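Undergrad: Before we start, here is the structure in question, set down as structure tokens.
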Amino acid sequence: MSVEVPWTQDEMMTVAASRLLWDRCVCFVGIGLPSAVANLARYSHAPNIVLIYESGTIGARPSVLPLSIGDGELAETAAAVVSLPEIFSYWLQAGRVDVGFLGAAQIDRFANLNSTVIGDYRRPRTRLPGAGGAPEIAAHARQTFVILRQSPRSFVAELDFRTSAGFSDGYGARARSPARGAGPQAVITDFGILKPIGASEELQLTGHFVNVTPQQAVDATGWPLKVTDNVEIIPAPTLEELRVLREMHARTRGSR
Amino acid sequence: MTELMSLPEAVSRFIRDGQSLALEGFTHLIPFAAGHEIIRQRRTGLHLIRMTPDILYDQMIGVGCAAALTFSWGGNPGVGSLYRLRDAIENRWPRELTIVEHTHAGMAAAYTAGASRLPFGVLRGYIDNDLARINPSVKSVTCPYTGEVLATVPALNPDVTIIHAQQADAAGNVLLRGIIGAQKEAALAAHLLIVTVEEIVERLDGHMNSVVLPHWVISAVVPAPRGAYPAYAQGYYARDNSFYQAWDPISKDRDRFAAWMNEHVITVPT
């Protein structure tokens with residue numbers, strides 16, 4: 001059944017990302033798009049997903065999307081609230097997180113991420129917020145998903161700064177490093193999904209949304225992006241997915 | 001031994017120019033009132049330490065209190081940039097700011113080591129990224145049991161830590177609840193600890209395993225109702241998310257920032 005309701009690329013990317021999460025998975029969530037994705041999953045197909053926010057709230061069940069990583073509702077609805085040293089050591093570093101969900105300002109072909117600076121570190125053109133929990137989430141979650149909008153400015157041949165390692169230089173470099181998790185297994189954009197493919201571990205376009213072409217995704221990438229042979233067409237959001245997502249955003253707007 | 005005193009007295013007695021100073025609190029219980037008093041008393045050359053500088057350090061950096069900043073994430077949570085922090089790093093305005101940058105996990109380990117009076121914290125971190133390159137204090141150690149090479153961070157031991165808490169009792173014992181961040185570690189890592197509280201109560205309203213800092217590790221307990229606003233104090237008032245959003249255009253403009261600080265902080269009587 002085709003959906004008659006118009007939808008946006010941001011809605012599509014949120015829905016496509018949420019479909020990757022499963023019920024009862026333990027998900028370490030950043031604020032913004034990752035939080036919207038994880039809560040959409042919780043309100044649709046994964047009601048028992050365990051959300052961990054780096055503020056130390058384990059099993060948070062917010063009714064609206066929090067503005068900050070430490071909003072009061074996260075603590076009030078959490079199964080447990082622990083300290084920051086504990087969340088990063090006993091929970092993340094110990095390997096108890098299934099999925100780490102990350103955003104970034106820049107990504108390269110091996111899914112290494114920059115959230116620190118644009119330009120030179122000592123004399124930056126644009127100073128970004130920095131690392132936060134990302135480098136260790138990228139290292140220790142059993143796998144990570146990355147979500148960011150795709151353009152030649154964000155999908156770059158060379159990062160200005162490497163904040164969080166994905167596959168490093170590829171060809172098994174990550175497996176030889178002390179990182180315990182499997183690394184980025186999917187990059188969700190407003191064009192489709194990229195995954196690391198083959199021995200090189202380089203990202204390839206493995207799926208695109210129904211309203212864009214693979215060539216458009218290639219054009220939005222700052223390196224020669226490869227498209228897999230059997231690239232899949234990702235189904236449009238269902239009416240139910242859109243309803244849940246829009247209700248969640250409406251509740252959030254109403255609360256602020 | 002703790003003493004009950006006013007905020008102006010605590011700042012005037014314990015905060016000195018050039019000190020290293022941690023005002024901790026992760027989104028929750030950020031000691032805004034204390035930071036504002038430090039601004040009013042015109043302390044300068046401070047080495048500010050905080051995992052998430054937040055609006056409070058944006059303000060302290062913007063008025064020129066700070067010479068250095070140790071931090072791990074410097075944004076306005078859910079909103080975007082801290083423009084006074086950015087102006088200091090990008091344009092050295094109002095003065096040059098030396099930055100020492102960590103990850104959250106690294107800084108948590110550094111506070112934990114500081115609280116334990118160990119020389120360094122250890123973690124499986126700073127893996128294959130540029131952070132260890134730009135922060136030479138991040139080093140490594142070989143595990144004597146497994147041979148694994150692990151990252152180390154030097155202990156953080158601030159001259160003074162200031163935290164905000166919900167309650168103190170008459171003896172000066174302090175109770176924190178809700179999101180507790182790294183406050184216990186930052187508090188016990190410091191050489192001198194000041195705690196501002198929402199209220200003084202007869203008996204602390206906590207369970208057996210609550211986070212309680214005993215009076216004998218605290219130098220000053222300061223009543224400061226709404227002392228975490230526009231951040232929040234669980235059980236007392238909510239985070240003013242609309243203020244965090246309103247801060248964006250104020251912080252973006254040097255003149256607007258200066259006028260706002262003058263009206264809402266500097267000329268406010270205490």
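Every chain in the structure tokens takes a letter, A first, then B, and so on in the order presented; its residues are numbered from 1, and the ligands are numbered from 1 following the presented order.
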Per residue of chain A within 7 Å of chain B, what are the shortest atom pair and its distance in Å to one decimal, counting only C-alpha atoms, with rows by chain and residue number, as JSON lines?

TA:
{"residue": "A:Ile31", "atom": "CA", "partner": "B:Gly78", "partner_atom": "CA", "distance": 6.5}
{"residue": "A:Gly32", "atom": "CA", "partner": "B:Gly78", "partner_atom": "CA", "distance": 6.5}
{"residue": "A:Ser55", "atom": "CA", "partner": "B:Gly181", "partner_atom": "CA", "distance": 6.5}
{"residue": "A:Gly56", "atom": "CA", "partner": "B:Ile179", "partner_atom": "CA", "distance": 6.7}
{"residue": "A:Leu67", "atom": "CA", "partner": "B:Gly78", "partner_atom": "CA", "distance": 4.9}
{"residue": "A:Ser68", "atom": "CA", "partner": "B:Pro77", "partner_atom": "CA", "distance": 4.9}
{"residue": "A:Ile69", "atom": "CA", "partner": "B:Pro77", "partner_atom": "CA", "distance": 7.0}
{"residue": "A:Gly70", "atom": "CA", "partner": "B:Thr27", "partner_atom": "CA", "distance": 5.3}
{"residue": "A:Asp71", "atom": "CA", "partner": "B:Arg239", "partner_atom": "CA", "distance": 7.0}
{"residue": "A:Gly72", "atom": "CA", "partner": "B:Gln234", "partner_atom": "CA", "distance": 6.6}
{"residue": "A:Ala75", "atom": "CA", "partner": "B:Gly178", "partner_atom": "CA", "distance": 6.1}
{"residue": "A:Val81", "atom": "CA", "partner": "B:Ile179", "partner_atom": "CA", "distance": 6.4}
{"residue": "A:Ser83", "atom": "CA", "partner": "B:Gly181", "partner_atom": "CA", "distance": 5.0}
{"residue": "A:Leu84", "atom": "CA", "partner": "B:Gly181", "partner_atom": "CA", "distance": 4.9}
{"residue": "A:Pro85", "atom": "CA", "partner": "B:Ala108", "partner_atom": "CA", "distance": 5.0}
{"residue": "A:Phe88", "atom": "CA", "partner": "B:Ala105", "partner_atom": "CA", "distance": 5.6}
{"residue": "A:Arg123", "atom": "CA", "partner": "B:Glu90", "partner_atom": "CA", "distance": 6.2}
{"residue": "A:Pro124", "atom": "CA", "partner": "B:Glu90", "partner_atom": "CA", "distance": 5.9}
{"residue": "A:Arg125", "atom": "CA", "partner": "B:Glu90", "partner_atom": "CA", "distance": 6.8}
{"residue": "A:Arg127", "atom": "CA", "partner": "B:Arg86", "partner_atom": "CA", "distance": 5.9}
{"residue": "A:Pro129", "atom": "CA", "partner": "B:Gly74", "partner_atom": "CA", "distance": 4.3}
{"residue": "A:Gly130", "atom": "CA", "partner": "B:Trp73", "partner_atom": "CA", "distance": 5.1}
{"residue": "A:Ala131", "atom": "CA", "partner": "B:Thr103", "partner_atom": "CA", "distance": 5.4}
{"residue": "A:Gly132", "atom": "CA", "partner": "B:Trp73", "partner_atom": "CA", "distance": 4.6}
{"residue": "A:Gly133", "atom": "CA", "partner": "B:His104", "partner_atom": "CA", "distance": 5.1}
{"residue": "A:Pro135", "atom": "CA", "partner": "B:Tyr126", "partner_atom": "CA", "distance": 6.8}
{"residue": "A:Glu136", "atom": "CA", "partner": "B:Gly125", "partner_atom": "CA", "distance": 5.9}
{"residue": "A:Phe161", "atom": "CA", "partner": "B:Asp130", "partner_atom": "CA", "distance": 6.5}
{"residue": "A:Arg162", "atom": "CA", "partner": "B:Asn129", "partner_atom": "CA", "distance": 5.2}
{"residue": "A:Thr163", "atom": "CA", "partner": "B:Asn129", "partner_atom": "CA", "distance": 5.6}
{"residue": "A:Ser164", "atom": "CA", "partner": "B:Asn129", "partner_atom": "CA", "distance": 5.8}
{"residue": "A:Ala165", "atom": "CA", "partner": "B:Asp128", "partner_atom": "CA", "distance": 5.8}
{"residue": "A:Ser168", "atom": "CA", "partner": "B:Asp128", "partner_atom": "CA", "distance": 6.9}
{"residue": "A:Pro178", "atom": "CA", "partner": "B:Ile127", "partner_atom": "CA", "distance": 6.9}
{"residue": "A:Ala179", "atom": "CA", "partner": "B:Ile127", "partner_atom": "CA", "distance": 6.8}
{"residue": "A:Arg256", "atom": "CA", "partner": "B:Ser242", "partner_atom": "CA", "distance": 6.8}

Undergrad: For Leu40 in chain A, work out the shell of residues within 10 Å, counting only C-alpha atoms and skipping chain neighbours fewer than 5 positions away, then give it as an mmCIF file with C-alpha atoms, in the first residue's frame.

TA:
data_model
loop_
_atom_site.group_PDB
_atom_site.id
_atom_site.type_symbol
_atom_site.label_atom_id
_atom_site.label_comp_id
_atom_site.auth_asym_id
_atom_site.auth_seq_id
_atom_site.Cartn_x
_atom_site.Cartn_y
_atom_site.Cartn_z
ATOM 1 C CA THR A 14 14.390 9.002 11.463
ATOM 2 C CA VAL A 15 12.054 6.166 10.491
ATOM 3 C CA ALA A 17 17.096 4.485 11.491
ATOM 4 C CA SER A 18 14.470 3.394 14.021
ATOM 5 C CA ARG A 19 13.753 0.256 11.972
ATOM 6 C CA LEU A 21 16.645 -1.024 16.443
ATOM 7 C CA PRO A 34 19.532 9.747 17.866
ATOM 8 C CA SER A 35 17.115 10.423 20.722
ATOM 9 C CA HIS A 45 8.048 -1.767 17.266
ATOM 10 C CA ALA A 46 10.475 -1.888 20.236
ATOM 11 C CA PRO A 47 8.491 -1.059 23.405
ATOM 12 C CA LEU A 65 11.953 14.275 23.577
ATOM 13 C CA GLU A 241 5.306 5.269 11.635
ATOM 14 C CA LEU A 242 4.465 8.821 10.604
ATOM 15 C CA VAL A 244 3.811 7.938 16.033
ATOM 16 C CA LEU A 245 6.696 10.187 14.988
ATOM 17 C CA ARG A 246 4.494 13.256 14.520
ATOM 18 C CA GLU A 247 2.647 12.713 17.782
ATOM 19 C CA MET A 248 5.985 12.466 19.584
ATOM 20 C CA HIS A 249 7.199 15.727 18.049
#

Undergrad: Could you give me, as a PyMOL selection string, each residue of range 26-260 of chain B that DSSP assigns to helix (DSSP H, G or I) when run on this structure's backbone?

TA: chain B and resi 32-40+54-62+83-91+104-116+131-134+183-189+215-217+241-252+254-260

Undergrad: At a cut-off of 9 Å, using only C-alpha atoms, what residues contact Arg153 in chain A? Leave out same-chain residues fewer than 5 positions from it and give the result as a tab-separated table (two decimals) with C-alpha atoms, in the first residue's frame.

TA:
chain	number	residue	atom	x	y	z
A	105	ALA	CA	29.63	17.17	11.83
A	106	GLN	CA	31.88	15.22	9.46
A	220	ALA	CA	26.14	14.50	-2.00
A	221	THR	CA	29.37	12.75	-0.97
A	222	GLY	CA	32.85	14.28	-0.87

Undergrad: What is the CA of Phe145 in chain A to CA of Val50 in chain A distance in Å?

TA: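 Computing it gives 15.8 Å between the two atoms.
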